[in-house]
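Undergrad: Sending over a structure as structure tokens; questions will come in a sec.
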Amino acid sequence: MEILKTKVAIIGSGPAGLLLGQLLYKAGIDHILIEQRSAEYVASRIRAGILEQVSVDLLTEAGVDQQLREKGLPHQGIEILTNGEKHRVDLTQLTGGKQVTVYGQTEVTKDLMQARTAAQLTSYYESANVQVHDFYGQPSVTFEHNGQQVKVECDFIAGCDGYHGVCRASVPEDKIKTFEKVYPFGWLGVLADVPPVADELIYVQSDRGFALCSMRSNTRSRYYLQVPLTDKVENWSDEQFWEELKNRLDPESREKLVTGPSIEKSIAPLRSFVTEPMRFGKMFLAGDAAHIVPPTGAKGLNLAASDIAYLSQALIEYYQTGSEQGIEQYSENCLKRVWKAERFSWWMTHLLHRFETETEFEHKIKQAELSYILGSEAGQTTLAENYVGLPLQKAS
């Protein structure tokens with residue numbers, strides 16, 4: 001067995017693990033990254049693409065913002081379509097100058113991977129049988145790589161290995177509590193090389209169900225339809241998708257919509273999920289390993305980034321000063337922000353989607369709530385503040 005020693009073992013090479021690795025590298029903290037999948041698989045995953053300023057600032061701090069600055073699309077507002085009419089929410093004006101940036105998670109991952117390769121940092125892709133050990137004492141990680149057994153002895157383990165990862169699954173049941181809500185529908189998403197139907201995102205509430213018009217660039221669009229969980233992606237042709245999307249749009253958007261062959265098509269289930277706590281001895285959970293949000297509020301990648309902001313600061317503080325305050329407060333700091341993002345994502349999902357069990361009374365109440373929000377500066381401000389991202393706050 002090959003035995004390696006490092007300060008931090010990072011499990012998972014999604015944006016959370018890669019970003020943590022880059023920030024630790026910048027601070028001169030030795031670490032090793034371990035990933036079950038191949039690098040090609042990780043780089044090709046299609047995910048969300050709206051970055052809060054907190055996430056942009058972190059990528060800048062990590063030194064991987066060049067492509068983001070060149071290709072990212074700053075957005076100062078969003079549009080909400082309800083009762084056949086579009087209403088613009090001016091994010092920047094309502095939040096004192098804040099905005100979001102459209103830049104695909106796939107691109108974020110590639111940027112971080114390229115930076116990691118350029119720095120020649122230690123990474124083990126295609127690692128089999130990854131196991132975490134003794135994280136309440138002297139942590140270690142074991143795995144198989146190229147037919148050889150490897151053991152990594154470390155000070156801390158960062159569990160950035162997603163919802164189905166080994167880190168959360170390794171926590172004793174009496175040490176962890178989970179909270180979950182599964183929604184009775186999914187999002188049918190299509191990626192296509194066609195110009196976006198609008199300059200800003202359009203969130204659609206309609207009697208036929210929710211829709212979202214989004215983009216990855218000025219020439220690549222991402223569209224979503226609310227569909228029953230029983231639907232199969234192979235039963236949706238491109239023509240059927242575009243026709244149903246048109247049925248949920250207003251006449252102006254329907255006229256502007258450019259259709260084309262799909263590059264990728266998939267159905268994603270929606271769930272809200274939170275783990276408490278997010279630290280177990282010397283192992284931390286971050287990103288999807290600790291929480292899942294429905295994509296309606298555009299919070300998944302951004303919550304992962306804010307976890308890494310807290311975790312990287314805590315580890316850097318520990319190695320530079322010996323203080324364990326950030327480590328001790330990691331879970332509390334993260335969960336304050338997590339639950340606020342969960343609330344916003346749940347609220348947006350509930351407000352904009354049609355539920356099968358929804359009565360006409362409940363539907364009218366939701367329409368009234370949306371009408372109030374869009375007609376009130378205070379209501380729009382609440383929406384805008386949450387959408388652009390709440391500030392990072394630490395426990396006192």
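In the structure tokens, the first chain shown is A, the next is B, and so on; residue numbers restart at 1 for each chain, and ligands run from 1 in the order shown.
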Region 134-141 of chain A: which residues within 12 Å, counting only C-alpha atoms, same-chain residues fewer than 6 positions away excluded, as JSON, numbers by chain?

TA: {"A": [2, 3, 4, 5, 6, 7, 8, 9, 10, 11, 32, 33, 34, 35, 127, 128, 149, 150, 151, 152, 153, 154, 155, 156, 157, 158, 159, 166, 167, 168, 170, 171, 172, 175, 279, 280, 281, 282, 283, 284, 285]}

Undergrad: Within 10 Å of Trp346 (chain A), counting only C-alpha atoms, which residues show up once you throw out same-chain ones fewer than 5 positions away? Write them as a PyMOL selection string, please.

TA: chain A and resi 181+183+271-272+293-297+340-341+351

Undergrad: Residues of the last selection are to be written out with N, CA and C atoms, as a CSV table (one decimal), in the first residue's frame.

TA:
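Saved the output as part.csv:
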chain,number,residue,atom,x,y,z
A,181,LYS,N,-37.4,17.6,1.4
A,181,LYS,CA,-38.7,17.7,0.7
A,181,LYS,C,-38.5,17.3,-0.7
A,183,TYR,N,-40.2,17.2,-4.5
A,183,TYR,CA,-41.3,17.8,-5.2
A,183,TYR,C,-41.9,16.9,-6.2
A,271,ARG,N,-35.6,18.6,-5.4
A,271,ARG,CA,-35.7,18.3,-4.0
A,271,ARG,C,-35.1,19.4,-3.2
A,272,SER,N,-35.5,19.5,-1.9
A,272,SER,CA,-34.8,20.3,-0.9
A,272,SER,C,-34.3,19.4,0.1
A,293,VAL,N,-30.8,22.2,-3.2
A,293,VAL,CA,-31.9,23.1,-3.4
A,293,VAL,C,-32.5,22.9,-4.8
A,294,PRO,N,-33.8,23.1,-4.9
A,294,PRO,CA,-34.4,23.1,-6.3
A,294,PRO,C,-33.8,24.2,-7.0
A,295,PRO,N,-33.6,24.1,-8.3
A,295,PRO,CA,-32.9,25.1,-9.1
A,295,PRO,C,-33.6,26.4,-9.3
A,296,THR,N,-34.9,26.5,-8.9
A,296,THR,CA,-35.7,27.7,-9.1
A,296,THR,C,-35.0,29.0,-8.6
A,297,GLY,N,-34.3,28.9,-7.5
A,297,GLY,CA,-33.7,30.1,-7.0
A,297,GLY,C,-32.2,30.3,-7.4
A,340,LYS,N,-31.5,30.0,4.7
A,340,LYS,CA,-32.2,31.1,4.1
A,340,LYS,C,-32.3,30.9,2.6
A,341,ALA,N,-31.3,30.2,2.0
A,341,ALA,CA,-31.3,29.9,0.6
A,341,ALA,C,-32.3,28.8,0.3
A,351,LEU,N,-44.2,29.2,-5.6
A,351,LEU,CA,-44.9,30.3,-6.2
A,351,LEU,C,-45.1,30.1,-7.7

Undergrad: Which of these, A:Leu212, A:Val194, A:Ile373, A:Leu121, has the shortest distance to Ile29 (chain A) once you count only C-alpha atoms?

TA: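 Selected residue with least distance to Ile29 (chain A): A:Leu121.
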
Undergrad: DSSP on the backbone, strand (DSSP E) only: what residues of region 35-181 of chain A does that give? Format it as a VMD selection string.

TA: chain A and resid 50 to 51 73 to 75 77 to 82 85 to 90 100 to 102 123 to 124 128 to 133 140 to 145 148 to 153 156 to 159 177 to 181

Undergrad: Write out, as a tab-separated table, each residue of region 181-255 of chain A that has an atom at most 9 Å from region 60-75 of chain A, together with the closest pair of atoms and their distance in Å to one decimal, counting only C-alpha atoms, rows going by chain and rising number.

TA:
residue	atom	partner	partner_atom	distance
A:Asp199	CA	A:His75	CA	8.3
A:Glu200	CA	A:His75	CA	6.6
A:Leu201	CA	A:His75	CA	8.6
A:Arg216	CA	A:Leu73	CA	8.5
A:Ser217	CA	A:Leu73	CA	7.2
A:Asn218	CA	A:Leu73	CA	8.4

Undergrad: Set out as a Markdown table a contact list for region 9-77 of chain A and region 307-316 of chain A with a cut-off of 7 Å, giving each residue of region 9-77 of chain A that qualifies its closest atom pair and distance in Å to one decimal, counting only C-alpha atoms, ordered by chain and rising residue number.

TA:
| residue | atom | partner | partner_atom | distance |
| --- | --- | --- | --- | --- |
| A:Ala16 | CA | A:Ile308 | CA | 6.4 |
| A:Leu20 | CA | A:Ile308 | CA | 5.9 |
| A:Leu23 | CA | A:Ser312 | CA | 6.6 |
| A:Leu24 | CA | A:Ser312 | CA | 6.7 |
| A:Ala27 | CA | A:Ile316 | CA | 6.8 |

Undergrad: As a PyMOL selection string, please: the residues near region 102-119 of chain A (cut-off 7 Å, only C-alpha atoms, same-chain neighbours under 3 positions excluded).

TA: chain A and resi 14-15+18-19+22+43-51+64+68+72-74+216

Undergrad: Between A:Gln320, A:Ile176, A:Phe185, A:Arg208, which residue has the minimum interatomic distance to Gly28 (chain A), considering only C-alpha atoms?

TA: A:Gln320

Undergrad: Mind giving me the straight-line distance from CA of Gln325 (chain A) to CA of Arg337 (chain A) in Å, one decimal?

TA: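 Going from CA of Gln325 (chain A) over to CA of Arg337 (chain A), I get 18.2 Å.
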
Undergrad: Report as a ChimeraX atom specification all protein, DNA and RNA residues lying within 12 Å of His363 (chain A), evaluated on only C-alpha atoms, omitting residues in the same chain fewer than 2 positions from it.

TA: /A:83,205-207,209,350-361,365-370

Undergrad: Please, could you write that set of residues out with C-alpha atoms as a PDB file, in the first residue's frame?

TA:
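Printed below is part15.pdb as written:
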ATOM      1  CA  ASN A  83     -51.052  35.941 -16.492  1.00  0.00           C
ATOM      2  CA  GLN A 205     -45.802  30.964 -14.198  1.00  0.00           C
ATOM      3  CA  SER A 206     -48.572  29.554 -16.390  1.00  0.00           C
ATOM      4  CA  ASP A 207     -51.627  27.338 -16.133  1.00  0.00           C
ATOM      5  CA  GLY A 209     -46.839  24.719 -15.617  1.00  0.00           C
ATOM      6  CA  HIS A 350     -43.949  26.927  -4.681  1.00  0.00           C
ATOM      7  CA  LEU A 351     -44.901  30.298  -6.153  1.00  0.00           C
ATOM      8  CA  LEU A 352     -44.088  29.589  -9.807  1.00  0.00           C
ATOM      9  CA  HIS A 353     -45.001  25.905 -10.264  1.00  0.00           C
ATOM     10  CA  ARG A 354     -48.392  24.249 -10.624  1.00  0.00           C
ATOM     11  CA  PHE A 355     -48.946  21.408  -8.164  1.00  0.00           C
ATOM     12  CA  GLU A 356     -51.343  18.589  -9.045  1.00  0.00           C
ATOM     13  CA  THR A 357     -52.892  18.743  -5.569  1.00  0.00           C
ATOM     14  CA  GLU A 358     -53.373  22.503  -5.785  1.00  0.00           C
ATOM     15  CA  THR A 359     -56.958  23.733  -5.546  1.00  0.00           C
ATOM     16  CA  GLU A 360     -58.221  26.627  -7.611  1.00  0.00           C
ATOM     17  CA  PHE A 361     -58.340  28.665  -4.405  1.00  0.00           C
ATOM     18  CA  ILE A 365     -53.815  32.882  -3.736  1.00  0.00           C
ATOM     19  CA  LYS A 366     -50.411  32.278  -5.366  1.00  0.00           C
ATOM     20  CA  GLN A 367     -51.312  34.524  -8.266  1.00  0.00           C
ATOM     21  CA  ALA A 368     -52.381  37.208  -5.799  1.00  0.00           C
ATOM     22  CA  GLU A 369     -49.104  36.865  -3.888  1.00  0.00           C
ATOM     23  CA  LEU A 370     -47.086  37.149  -7.080  1.00  0.00           C
TER      24      LEU A 370
END

Undergrad: Name all residues at most 12 Å from Ser376 (chain A) (count only C-alpha atoms; drop same-chain ones fewer than 5 positions away) and give them as a PDB file with all heavy atoms, in the first residue's frame.

TA:
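What landed in result_22.pdb:
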ATOM      1  N   HIS A  87     -43.029  41.047 -16.217  1.00  0.00           N
ATOM      2  CA  HIS A  87     -42.698  42.085 -15.247  1.00  0.00           C
ATOM      3  C   HIS A  87     -41.201  41.990 -14.964  1.00  0.00           C
ATOM      4  O   HIS A  87     -40.705  40.927 -14.600  1.00  0.00           O
ATOM      5  CB  HIS A  87     -43.483  41.894 -13.944  1.00  0.00           C
ATOM      6  CG  HIS A  87     -44.963  41.818 -14.124  1.00  0.00           C
ATOM      7  ND1 HIS A  87     -45.787  42.900 -13.906  1.00  0.00           N
ATOM      8  CD2 HIS A  87     -45.767  40.792 -14.516  1.00  0.00           C
ATOM      9  CE1 HIS A  87     -47.043  42.542 -14.153  1.00  0.00           C
ATOM     10  NE2 HIS A  87     -47.055  41.273 -14.518  1.00  0.00           N
ATOM     11  N   VAL A  89     -37.885  42.679 -12.800  1.00  0.00           N
ATOM     12  CA  VAL A  89     -37.383  42.972 -11.460  1.00  0.00           C
ATOM     13  C   VAL A  89     -35.961  43.486 -11.628  1.00  0.00           C
ATOM     14  O   VAL A  89     -35.069  42.745 -12.068  1.00  0.00           O
ATOM     15  CB  VAL A  89     -37.409  41.716 -10.561  1.00  0.00           C
ATOM     16  CG1 VAL A  89     -36.841  42.030  -9.179  1.00  0.00           C
ATOM     17  CG2 VAL A  89     -38.833  41.170 -10.449  1.00  0.00           C
ATOM     18  N   LEU A  94     -32.593  47.637  -7.006  1.00  0.00           N
ATOM     19  CA  LEU A  94     -33.237  47.269  -5.742  1.00  0.00           C
ATOM     20  C   LEU A  94     -32.247  46.843  -4.666  1.00  0.00           C
ATOM     21  O   LEU A  94     -32.599  46.790  -3.488  1.00  0.00           O
ATOM     22  CB  LEU A  94     -34.244  46.139  -5.988  1.00  0.00           C
ATOM     23  CG  LEU A  94     -35.482  46.523  -6.814  1.00  0.00           C
ATOM     24  CD1 LEU A  94     -36.171  45.277  -7.352  1.00  0.00           C
ATOM     25  CD2 LEU A  94     -36.457  47.346  -5.968  1.00  0.00           C
ATOM     26  N   GLU A 369     -50.386  36.594  -4.553  1.00  0.00           N
ATOM     27  CA  GLU A 369     -49.104  36.865  -3.888  1.00  0.00           C
ATOM     28  C   GLU A 369     -48.084  37.376  -4.903  1.00  0.00           C
ATOM     29  O   GLU A 369     -47.366  38.348  -4.645  1.00  0.00           O
ATOM     30  CB  GLU A 369     -48.573  35.608  -3.215  1.00  0.00           C
ATOM     31  CG  GLU A 369     -47.260  35.845  -2.471  1.00  0.00           C
ATOM     32  CD  GLU A 369     -46.724  34.615  -1.770  1.00  0.00           C
ATOM     33  OE1 GLU A 369     -47.328  33.535  -1.898  1.00  0.00           O
ATOM     34  OE2 GLU A 369     -45.689  34.747  -1.094  1.00  0.00           O
ATOM     35  N   LEU A 370     -48.032  36.725  -6.050  1.00  0.00           N
ATOM     36  CA  LEU A 370     -47.086  37.149  -7.080  1.00  0.00           C
ATOM     37  C   LEU A 370     -47.433  38.554  -7.583  1.00  0.00           C
ATOM     38  O   LEU A 370     -46.548  39.383  -7.820  1.00  0.00           O
ATOM     39  CB  LEU A 370     -47.096  36.141  -8.229  1.00  0.00           C
ATOM     40  CG  LEU A 370     -45.974  36.246  -9.260  1.00  0.00           C
ATOM     41  CD1 LEU A 370     -44.610  36.239  -8.592  1.00  0.00           C
ATOM     42  CD2 LEU A 370     -46.081  35.096 -10.259  1.00  0.00           C
ATOM     43  N   SER A 371     -48.727  38.826  -7.733  1.00  0.00           N
ATOM     44  CA  SER A 371     -49.160  40.155  -8.163  1.00  0.00           C
ATOM     45  C   SER A 371     -48.748  41.211  -7.142  1.00  0.00           C
ATOM     46  O   SER A 371     -48.294  42.301  -7.503  1.00  0.00           O
ATOM     47  CB  SER A 371     -50.678  40.162  -8.350  1.00  0.00           C
ATOM     48  OG  SER A 371     -51.131  41.462  -8.679  1.00  0.00           O
ATOM     49  N   THR A 381     -37.936  44.074  -3.680  1.00  0.00           N
ATOM     50  CA  THR A 381     -36.642  44.165  -3.000  1.00  0.00           C
ATOM     51  C   THR A 381     -36.324  42.871  -2.271  1.00  0.00           C
ATOM     52  O   THR A 381     -35.175  42.384  -2.306  1.00  0.00           O
ATOM     53  CB  THR A 381     -36.633  45.353  -2.017  1.00  0.00           C
ATOM     54  OG1 THR A 381     -36.873  46.556  -2.739  1.00  0.00           O
ATOM     55  CG2 THR A 381     -35.290  45.456  -1.305  1.00  0.00           C
ATOM     56  N   THR A 382     -37.310  42.298  -1.597  1.00  0.00           N
ATOM     57  CA  THR A 382     -37.108  41.019  -0.915  1.00  0.00           C
ATOM     58  C   THR A 382     -36.673  39.946  -1.893  1.00  0.00           C
ATOM     59  O   THR A 382     -35.726  39.186  -1.638  1.00  0.00           O
ATOM     60  CB  THR A 382     -38.404  40.585  -0.200  1.00  0.00           C
ATOM     61  OG1 THR A 382     -38.726  41.544   0.808  1.00  0.00           O
ATOM     62  CG2 THR A 382     -38.247  39.215   0.433  1.00  0.00           C
ATOM     63  N   LEU A 383     -37.366  39.878  -3.039  1.00  0.00           N
ATOM     64  CA  LEU A 383     -37.006  38.904  -4.063  1.00  0.00           C
ATOM     65  C   LEU A 383     -35.594  39.168  -4.579  1.00  0.00           C
ATOM     66  O   LEU A 383     -34.765  38.261  -4.678  1.00  0.00           O
ATOM     67  CB  LEU A 383     -38.028  38.965  -5.202  1.00  0.00           C
ATOM     68  CG  LEU A 383     -38.017  37.844  -6.254  1.00  0.00           C
ATOM     69  CD1 LEU A 383     -39.364  37.783  -6.956  1.00  0.00           C
ATOM     70  CD2 LEU A 383     -36.908  37.999  -7.279  1.00  0.00           C
TER      71      LEU A 383
END

Undergrad: Looking at only C-alpha atoms, which of A:Ala305, A:Ile267, A:Val204, A:Ala211 is the one that sits closest to Thr82 (chain A)?

TA: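 With only C-alpha atoms as the atom set, the closest residue is A:Val204.
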
Undergrad: Please report, as a PyMOL selection string, each residue of region 239-357 of chain A to which DSSP assigns helix (DSSP H, G or I) when run on this structure's backbone.

TA: chain A and resi 239-248+251-256+287-289+295-297+300-321+325-352
